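Asks: Pasting in a structure now, in structure tokens, and then I'll have a few things to ask.
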Amino acid sequence: MRTLLTLLAAALAGPAAAADKPNIVLVFTDDHAYQAIGAYGDRRKLVDTPNIDRLAAEGVRFDRALVPNSICGPSRATVLTGQYSHRNGFYNNTNSRFDGGQVTFPKLLQKAGYQTAVVGKWHLVSEPTGFDHWHILPGQGRYYNPPMTKDGKQVQHQGYVTDVISDLSTDWIKNRDKSKPFLLMTQHKAPHREWAPPLRHLGHDKDRKYPEPETLFDDYAGRGPGVRDQDMTIEKTFTQLDAKLVPPPGITPEELKQWDAYYGPRNQAFREAKPAGKDLVRWRYNRYMHDYLGCVKAVDEAVGKLLKTLDDEGLAKNTLVVYCSDQGFYLGEHGWFDKRWVFEESVRTPMLARWPGVAKAGHAEKNLVSVLDLAQTFLDAAGVPADPGMQGASLVPLLKGAAPADWRKSFYYAYYEYPSPHRVIPHYAVVTDRYKLARFYVPKADGKADPDYWELYDREKDPHETKSFYADPGYAGTVKELRAELERLRKELKVPDEMPKEAFGSLFAPPKKK
Ligand code: CA
């Protein structure tokens, strides 16, 4: 009798029960700032995102979702492996290459009977592994008429990249093998630089003058040399392509006519007015917001189409949908675009999750979570054991609104890529609900570091992170505690004392050809 029960249990846990396992959809965008999502309520009210907001209303909005290393490739490698860069080996976008032989959550789901697919931006140099189907952009990809690689073969697509990825993703859902549960990673290029919006959204903001962030004209006083030395300001680093003073690549002559109808007269007015100094920064900031938010609108439409497809296919109830970006982004804060820094706008990413019947609808979760946790979350949702090398934790209890009492109170952050592009000084840090303690350093060939300095930010006293309290005697106790916590985290996460030289991008070696 016992044998019979065991057999029965094994049969139920096997492929026969696969139809009961939840489907998993990860909508992963590139450089989507939480400030540009309606549900996060930025004071500037930059854009309406009714479809992404639906995930917040029907699911959980994570208010402090952090990334371990705030750039594209490293964040993607972390999502797949559930590990920090120093464990999965993908440190930077300059010369890292993803080792596809390592354990990833799609591989574990595939082994457990899931049908797996990735569509859109991949950006990990090596070919995807652990997917039954992959259809990806080469490298950064192109906004208009993007070439892609489908299961190893080159294909040329017509249309706007977000729409192409959206259509390929929903078509894959409709044509899936219905005998299996599925994992779909639908990964948008948008709203990554050069933030080229679809033609249908040109003029979407009716030439709005956008409210400025408090730190658009940050003078970088009160902090070390790193914030002054960077190369990512709207003032100095913005290109002709960023400003749409030249058209984006891949656009057809027909499309260019529509593009010119919008940008042409406005660019002409700009050339005649010749704004300079702060007026030039303001002009660029408004152009940037028009373009970036136009991209976001298309991403939101793609989310709408995806949710409708899940509804139409009768899949909504049994599907965990997570919306997340690979990191945050500066929308003019500190005078910047781009990411990389431990400062809030880049270290924090939007994250929303809907799972009817499991995730508590309308819940806003304040605990520190991360893209590091996604691998273990998806495996937990599928009832598949995580790999012991994974370094995050399942978010399933938090989705239910019941964070474990011992949930993390601090988070380790590390950024490496230097000096190109954007010359952001490497740093590592501990982040808590209130504080950030960071060490900034440039490694030298002899193993020493220069410059080497520490900063402490207090988001309660200084929400825009415009000064360091590290040398303030009143913070001596806080600094001591946080330094101890940082060391504890580095030990727990097995961070080596000295990083391999290739971690630092082009600092010690020229970028590799890809
Ligand atoms: Ca990115």
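In the structure tokens, each chain is lettered A, B, ... as it comes, each chain's residues begin at 1, and ligands are numbered from 1 in order of appearance.
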Let's see if you can do this: from backbone DSSP, list all strand (DSSP E) residues in stretch 280-443 of chain A, as a PyMOL selection string.
Replies: chain A and resi 319-325+348-354+363-365+369-370+411-415+427-431+435-443
Asks: Around ligand 1, out to 9 Å and counting only C-alpha atoms and all ligand atoms, which residues are there? I want them as a list in words.
Replies: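 Here is the list of contacting residues: Thr29, Asp30, Asp31, His32, Ser70, Ile71, Cys72, Gly73, Ser75, Arg76, Lys189, Pro191, His192, Ser325, Asp326, Gln327, Gly328, Phe329, Asp338 and Lys339 of chain A.
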Asks: So which residues touch A:Met232 within 10 Å, counting only C-alpha atoms, skipping near sequence neighbours fewer than 5 positions away, as JSON, numbers by chain?
Replies: {"A": [227, 237, 238, 330, 334, 335, 336, 337, 338, 339, 421, 422, 423, 424]}
Asks: Just the selected residues (all heavy atoms), exported as a compact mmCIF listing (two decimals), in the first residue's frame, please.
Replies:
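What ended up in again-v4.txt:
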# COMPACT_ATOMS: atom_id res chain seq x y z
N VAL A 227 31.92 62.15 -8.12
CA VAL A 227 30.72 62.73 -8.72
C VAL A 227 31.05 63.89 -9.66
O VAL A 227 30.27 64.19 -10.56
CB VAL A 227 29.68 63.21 -7.67
CG1 VAL A 227 29.03 62.03 -6.95
CG2 VAL A 227 30.27 64.19 -6.69
N THR A 237 27.66 65.37 -21.78
CA THR A 237 27.80 64.06 -22.41
C THR A 237 26.73 63.77 -23.46
O THR A 237 26.85 62.84 -24.24
CB THR A 237 27.80 62.96 -21.31
OG1 THR A 237 28.61 63.40 -20.22
CG2 THR A 237 28.32 61.64 -21.80
N PHE A 238 25.67 64.55 -23.47
CA PHE A 238 24.54 64.36 -24.38
C PHE A 238 25.01 64.50 -25.84
O PHE A 238 25.65 65.49 -26.20
CB PHE A 238 23.50 65.45 -24.09
CG PHE A 238 22.10 64.96 -24.01
CD1 PHE A 238 21.70 64.06 -23.04
CD2 PHE A 238 21.14 65.44 -24.91
CE1 PHE A 238 20.38 63.64 -22.94
CE2 PHE A 238 19.82 65.03 -24.83
CZ PHE A 238 19.44 64.12 -23.84
N TYR A 330 18.71 57.76 -14.23
CA TYR A 330 18.58 59.17 -13.87
C TYR A 330 17.76 59.91 -14.91
O TYR A 330 18.08 59.85 -16.11
CB TYR A 330 19.97 59.83 -13.72
CG TYR A 330 20.71 59.23 -12.57
CD1 TYR A 330 21.58 58.16 -12.76
CD2 TYR A 330 20.46 59.67 -11.27
CE1 TYR A 330 22.20 57.55 -11.68
CE2 TYR A 330 21.09 59.07 -10.20
CZ TYR A 330 21.95 58.01 -10.40
OH TYR A 330 22.56 57.40 -9.35
N HIS A 334 20.77 64.95 -10.36
CA HIS A 334 22.22 65.22 -10.34
C HIS A 334 22.73 65.70 -11.71
O HIS A 334 23.93 65.62 -11.99
CB HIS A 334 23.03 63.99 -9.91
CG HIS A 334 22.62 63.44 -8.56
ND1 HIS A 334 22.88 64.09 -7.38
CD2 HIS A 334 21.93 62.32 -8.23
CE1 HIS A 334 22.39 63.38 -6.37
NE2 HIS A 334 21.80 62.31 -6.86
N GLY A 335 21.82 66.13 -12.57
CA GLY A 335 22.21 66.58 -13.92
C GLY A 335 22.50 65.43 -14.87
O GLY A 335 23.08 65.64 -15.94
N TRP A 336 22.11 64.21 -14.50
CA TRP A 336 22.55 63.01 -15.23
C TRP A 336 21.45 62.33 -16.04
O TRP A 336 20.26 62.45 -15.74
CB TRP A 336 23.07 61.97 -14.23
CG TRP A 336 24.32 62.35 -13.50
CD1 TRP A 336 25.28 63.23 -13.90
CD2 TRP A 336 24.75 61.84 -12.22
NE1 TRP A 336 26.28 63.29 -12.95
CE2 TRP A 336 25.99 62.45 -11.92
CE3 TRP A 336 24.23 60.91 -11.32
CZ2 TRP A 336 26.70 62.18 -10.74
CZ3 TRP A 336 24.93 60.65 -10.16
CH2 TRP A 336 26.16 61.27 -9.87
N PHE A 337 21.93 61.54 -17.04
CA PHE A 337 21.20 60.38 -17.52
C PHE A 337 22.09 59.20 -17.12
O PHE A 337 23.06 59.38 -16.40
CB PHE A 337 20.94 60.47 -19.04
CG PHE A 337 22.19 60.52 -19.88
CD1 PHE A 337 22.76 59.34 -20.35
CD2 PHE A 337 22.80 61.72 -20.19
CE1 PHE A 337 23.92 59.38 -21.12
CE2 PHE A 337 23.96 61.76 -20.96
CZ PHE A 337 24.52 60.59 -21.41
N ASP A 338 21.78 58.00 -17.56
CA ASP A 338 22.53 56.78 -17.23
C ASP A 338 22.30 56.32 -15.77
O ASP A 338 21.30 56.69 -15.16
CB ASP A 338 24.02 56.91 -17.55
CG ASP A 338 24.62 55.56 -17.96
OD1 ASP A 338 24.27 55.06 -19.03
OD2 ASP A 338 25.41 54.99 -17.17
N LYS A 339 23.21 55.46 -15.28
CA LYS A 339 22.93 54.69 -14.04
C LYS A 339 24.23 54.49 -13.26
O LYS A 339 24.89 55.44 -12.92
CB LYS A 339 22.27 53.36 -14.41
CG LYS A 339 23.02 52.52 -15.44
CD LYS A 339 22.47 52.62 -16.84
CE LYS A 339 23.23 51.71 -17.79
NZ LYS A 339 22.69 51.69 -19.14
N PRO A 421 32.45 53.18 -20.46
CA PRO A 421 32.01 54.55 -20.72
C PRO A 421 31.57 55.25 -19.43
O PRO A 421 31.32 54.59 -18.44
CB PRO A 421 30.79 54.33 -21.63
CG PRO A 421 30.21 53.03 -21.18
CD PRO A 421 31.37 52.20 -20.67
N HIS A 422 31.52 56.54 -19.44
CA HIS A 422 30.92 57.38 -18.41
C HIS A 422 31.76 57.62 -17.16
O HIS A 422 31.35 58.32 -16.25
CB HIS A 422 29.52 56.87 -18.02
CG HIS A 422 28.53 56.92 -19.13
ND1 HIS A 422 28.28 58.06 -19.84
CD2 HIS A 422 27.75 55.95 -19.69
CE1 HIS A 422 27.37 57.80 -20.78
NE2 HIS A 422 27.04 56.53 -20.72
N ARG A 423 32.95 57.00 -17.09
CA ARG A 423 33.91 57.31 -16.02
C ARG A 423 33.29 57.42 -14.62
O ARG A 423 33.49 58.40 -13.90
CB ARG A 423 34.68 58.60 -16.38
CG ARG A 423 36.12 58.54 -15.89
CD ARG A 423 37.03 59.60 -16.51
NE ARG A 423 36.54 60.93 -16.26
CZ ARG A 423 36.19 61.79 -17.23
NH1 ARG A 423 36.28 61.44 -18.50
NH2 ARG A 423 35.73 62.98 -16.94
N VAL A 424 32.55 56.37 -14.27
CA VAL A 424 31.99 56.31 -12.91
C VAL A 424 32.94 55.46 -12.07
O VAL A 424 33.21 54.30 -12.38
CB VAL A 424 30.56 55.71 -12.91
CG1 VAL A 424 30.09 55.43 -11.49
CG2 VAL A 424 29.60 56.68 -13.60
Asks: Quick one, how far is atom CA of A:Tyr412 from atom CA of A:Val430?
Replies: 4.8 Å
Asks: Enumerate the residues of stretch 324-389 of chain A with a DSSP assignment of helix (DSSP H, G or I), computed from the backbone, and present them as a list in words.
Replies: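 Those residues are Glu333, His334, Gly335, Glu344, Glu345, Ser346, Val347, Val371, Leu372, Asp373, Leu374, Ala375, Gln376, Thr377, Phe378, Leu379, Asp380, Ala381 and Ala382 of chain A.
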Asks: Env of A:Pro397: 9 Å cut, atoms = only C-alpha atoms, seq-sep filter 6 positions within chain, self excluded. Answer as a ChimeraX atom specification.
Replies: /A:359,403-404
Asks: Using only C-alpha atoms, determine which residues lie at most 9 Å from A:His135, disregarding the query and same-chain residues fewer than 5 positions distant; provide the list as number ranges by chain.
Replies: A: 117-121, 148-153, 165, 168
Asks: Would you work out the distance separating atom CA of A:Ala393 from atom CA of A:Thr377, expressed in Å to one decimal?
Replies: 7.0 Å
Asks: Which one is closest to A:Leu320: A:Met390, A:Met185, A:Val495, A:Glu212? Count only C-alpha atoms.
Replies: A:Met185
Asks: Have a look at atom CA of A:Pro128 and atom CA of A:Tyr143 and let me know their distance in Å, one decimal.
Replies: 21.5 Å
Asks: When you look at A:Gly332 with a cut-off of 12 Å (counting only C-alpha atoms), what residues show up, excluding the ones that are within fewer than 3 positions of it in the same chain? I need them as a count of residues only.
Replies: 35
Asks: Compile the contact shell of A:Glu344 as a list in words: residues with an atom at most 9 Å away, counting only C-alpha atoms, same-chain residues fewer than 3 positions apart removed.
Replies: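 Neighbouring residues, sequence-local ones excluded: Leu66, Gly328, Trp341, Val347, Arg348, Thr349, His464 and Glu465 of chain A.
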Asks: With only C-alpha atoms as the atoms that count, which of A:Arg223, A:Lys257, A:Arg340, A:His201 lies nearest to A:Ser420?
Replies: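 Going through A:Arg223, A:Lys257, A:Arg340, A:His201 one by one, the smallest distance to A:Ser420 is for A:Arg340.
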Asks: Between A:Ala449, A:Ala429, A:Trp134, A:Leu395, which is the closest to A:Leu482 once you count only C-alpha atoms?
Replies: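 Residue with the minimum atom-to-atom distance to A:Leu482: A:Ala429.
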Asks: For A:Leu352, which residue out of A:Leu124, A:Ala190, A:Val371, A:Leu293 is the nearest one, using only C-alpha atoms?
Replies: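 With only C-alpha atoms as the atom set, the closest residue is A:Val371.
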Asks: Pick out the closest residue to A:Asn69 from this set: A:Tyr453, A:Arg97, A:Tyr84, A:Gly362. Count only C-alpha atoms.
Replies: A:Tyr84
Asks: Hey, which of A:Val125, A:Leu399, A:Val321, A:Val342 ends up closest to A:Asn95? Count only C-alpha atoms.
Replies: A:Val125
